[in-house]
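Down below is the structure, laid out as structure tokens.
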Amino acid sequence: RAIVRAWSAYLLGEIGSQDAIPWLTDRLQTSDHDELIRVVEALGKLRAIAAVQRLIELLEDDDSGVQSFAAMALGEIRDPRALSPLIEQLKQHKPAIYSVSAALHNFGEDAVLPQTQLLFDPEAEPAVDMVLQNLWMLGDKRAIEPILRFLENAPDHAIKRNAIAALG
């Protein structure tokens with residue numbers, strides 16, 4: 001049964017049926033990870049603002065697949081409430097970091113300054129390479145000054161090269 005619900009959710013997302021959002025939102029409580037991933041994916045495609053709070057909660061799920069799909073869905077929806085939790089996920093450098101990075105890219109210029117702050121946060125050190133890559137991809141001039149400041153005290157040559165590349 002869960003597999004049928006999973007593929008039903010997937011198809012509802014593909015069809016683009018806004019009428020499906022209430023049913024899909026109700027299914028966000030399922031304990032079946034395969035179904036949950038397809039429900040989350042569909043809600044992202046439908047840009048279901050009603051699901052944002054639960055999707056934010058799913059960033060902390062035990063399953064990295066669920067975390068990844070929740071991040072991607074939040075990136076598709078682009079609700080401002082998701083920006084800080086996504087930044088926090090990036091800082092924690094969890095397995096879903098690439099999905100979080102892609103989601104932040106969807107936020108565009110709104111994600112620039114919060115990411116520059118991570119350059120100076122010792123707890124975010126494992127994510128610095130990803131932050132620099134994100135800033136390079138966003139190409140926002142507001143990142144130049146923080147990257148230059150970061151470069152002054154960058155911990156090693158590889159990080160310095162990445163910072164220089166981010167200045168692009």
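Chain labels run A, B, ... following the order of the structure tokens; each chain numbers its residues from 1, and ligands are numbered from 1 in the order shown.
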
Spatial neighbours of segment 16-24 of chain A, 7 Å, only C-alpha atoms, chain gap at least 6 places, as a compact mmCIF listing (two decimals) with C-alpha atoms, in the first residue's frame:
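Listing of around.txt after writing:
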```
# COMPACT_ATOMS: atom_id res chain seq x y z
CA ALA A 9 2.13 11.25 -4.62
CA VAL A 39 5.18 13.21 -0.88
CA LEU A 43 4.86 19.21 -2.46
CA LEU A 46 3.54 22.08 -6.32
CA ALA A 48 2.98 24.06 -1.42
```

Expected answer as number ranges by chain: helix (DSSP H, G or I) residues in segment 4-149 of chain A: A: 4-15, 18-29, 33-45, 49-58, 64-77, 80-92, 97-118, 122-138, 141-149

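Among the candidate residues A:Ala158, A:Leu58, A:Val112, A:Leu151, the one lying nearest to Leu138 of chain A is A:Val112, with distances computed using only C-alpha atoms.
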
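Compared by their closest atoms to Asp62 of chain A, and using only C-alpha atoms, the residues A:Ala96, A:Ala165, A:Leu86, A:Leu104 rank with A:Ala96 nearest.
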
Excluding Glu88 of chain A and its own-chain neighbours fewer than 5 positions away, which residues fall within 9 Å of it when counting only C-alpha atoms? Please give them as a ChimeraX atom specification. /A:83,93,124

At a cut-off of 8 Å, using only C-alpha atoms, what residues contact Asn106 of chain A? Leave out same-chain residues fewer than 5 positions from it and give the result as an MDAnalysis selection string. chainID A and resid 75:76 78

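Considering only C-alpha atoms, the residue among A:Pro80, A:Pro95, A:Pro126, A:Gly44 positioned nearest to Pro155 of chain A is A:Pro126.
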
Tell me, in Å to one decimal, how far atom CA of Ile56 of chain A is from atom CA of Gln117 of chain A. 21.0 Å

Name all residues at most 12 Å from Pro122 of chain A (count only C-alpha atoms; drop same-chain ones fewer than 3 positions away) and give them as a compact mmCIF listing (two decimals) with all heavy atoms, in the first residue's frame.
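Saved as part.txt:
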```txt
# COMPACT_ATOMS: atom_id res chain seq x y z
N LYS A 91 25.57 24.87 7.65
CA LYS A 91 26.57 25.03 8.71
C LYS A 91 26.92 23.69 9.35
O LYS A 91 28.09 23.41 9.62
CB LYS A 91 26.01 25.99 9.76
CG LYS A 91 26.89 26.18 10.97
CD LYS A 91 26.22 27.14 11.94
CE LYS A 91 26.93 27.21 13.25
NZ LYS A 91 26.31 28.17 14.16
N GLN A 92 25.93 22.84 9.53
CA GLN A 92 26.15 21.55 10.18
C GLN A 92 26.80 20.53 9.26
O GLN A 92 27.21 19.47 9.70
CB GLN A 92 24.84 21.00 10.74
CG GLN A 92 24.28 21.82 11.86
CD GLN A 92 22.93 21.30 12.33
OE1 GLN A 92 22.59 20.15 12.11
NE2 GLN A 92 22.16 22.16 12.96
N GLN A 117 28.18 35.14 6.39
CA GLN A 117 28.38 35.07 7.84
C GLN A 117 28.98 33.74 8.27
O GLN A 117 29.73 33.68 9.25
CB GLN A 117 27.05 35.33 8.56
CG GLN A 117 26.55 36.75 8.38
CD GLN A 117 25.15 36.95 8.90
OE1 GLN A 117 24.50 36.03 9.39
NE2 GLN A 117 24.66 38.18 8.77
N LEU A 118 28.69 32.69 7.52
CA LEU A 118 29.24 31.37 7.86
C LEU A 118 30.76 31.32 7.68
O LEU A 118 31.43 30.50 8.30
CB LEU A 118 28.59 30.28 7.01
CG LEU A 118 27.12 29.98 7.29
CD1 LEU A 118 26.62 28.88 6.36
CD2 LEU A 118 26.90 29.60 8.74
N LEU A 119 31.29 32.20 6.83
CA LEU A 119 32.74 32.22 6.62
C LEU A 119 33.50 32.53 7.91
O LEU A 119 34.67 32.17 8.06
CB LEU A 119 33.12 33.25 5.55
CG LEU A 119 32.62 32.97 4.14
CD1 LEU A 119 32.92 34.16 3.23
CD2 LEU A 119 33.19 31.69 3.59
N GLU A 125 33.13 25.68 9.87
CA GLU A 125 34.36 25.45 9.12
C GLU A 125 34.27 24.28 8.12
O GLU A 125 34.76 24.41 7.00
CB GLU A 125 35.53 25.23 10.08
CG GLU A 125 36.87 25.18 9.37
CD GLU A 125 38.03 25.08 10.34
OE1 GLU A 125 37.96 25.67 11.43
OE2 GLU A 125 38.99 24.38 9.99
N PRO A 126 33.64 23.15 8.48
CA PRO A 126 33.57 22.07 7.49
C PRO A 126 32.77 22.43 6.23
O PRO A 126 32.94 21.81 5.18
CB PRO A 126 32.88 20.94 8.25
CG PRO A 126 33.06 21.25 9.69
CD PRO A 126 33.12 22.75 9.78
N ALA A 127 31.95 23.44 6.32
CA ALA A 127 31.09 23.82 5.19
C ALA A 127 31.66 24.97 4.36
O ALA A 127 31.06 25.37 3.37
CB ALA A 127 29.70 24.20 5.69
N VAL A 128 32.82 25.51 4.74
CA VAL A 128 33.35 26.71 4.09
C VAL A 128 33.54 26.51 2.59
O VAL A 128 33.22 27.39 1.80
CB VAL A 128 34.65 27.18 4.78
CG1 VAL A 128 35.41 28.17 3.92
CG2 VAL A 128 34.32 27.81 6.12
N PHE A 150 37.72 37.22 4.73
CA PHE A 150 37.96 35.81 5.03
C PHE A 150 39.33 35.37 4.50
O PHE A 150 40.07 34.65 5.17
CB PHE A 150 36.85 34.94 4.42
CG PHE A 150 37.12 33.48 4.51
CD1 PHE A 150 36.95 32.79 5.70
CD2 PHE A 150 37.59 32.77 3.41
CE1 PHE A 150 37.22 31.43 5.79
CE2 PHE A 150 37.86 31.42 3.48
CZ PHE A 150 37.67 30.74 4.68
N ALA A 154 42.45 32.97 5.96
CA ALA A 154 42.04 31.63 5.52
C ALA A 154 43.04 30.60 6.05
O ALA A 154 44.26 30.84 6.03
CB ALA A 154 41.97 31.58 4.00
N PRO A 155 42.55 29.47 6.51
CA PRO A 155 43.40 28.51 7.21
C PRO A 155 44.44 27.76 6.37
O PRO A 155 45.46 27.35 6.89
CB PRO A 155 42.40 27.52 7.81
CG PRO A 155 41.17 27.68 7.01
CD PRO A 155 41.15 29.08 6.50
```

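Nearest-residue note for Arg27 of chain A: choosing from A:Val131, A:Tyr98, A:Ser8, A:Gly168, the minimum distance belongs to A:Ser8, counting only C-alpha atoms.
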
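Nearest-residue note for Glu109 of chain A: choosing from A:Ile77, A:Leu59, A:Ala166, A:Leu135, the minimum distance belongs to A:Leu135, counting only C-alpha atoms.
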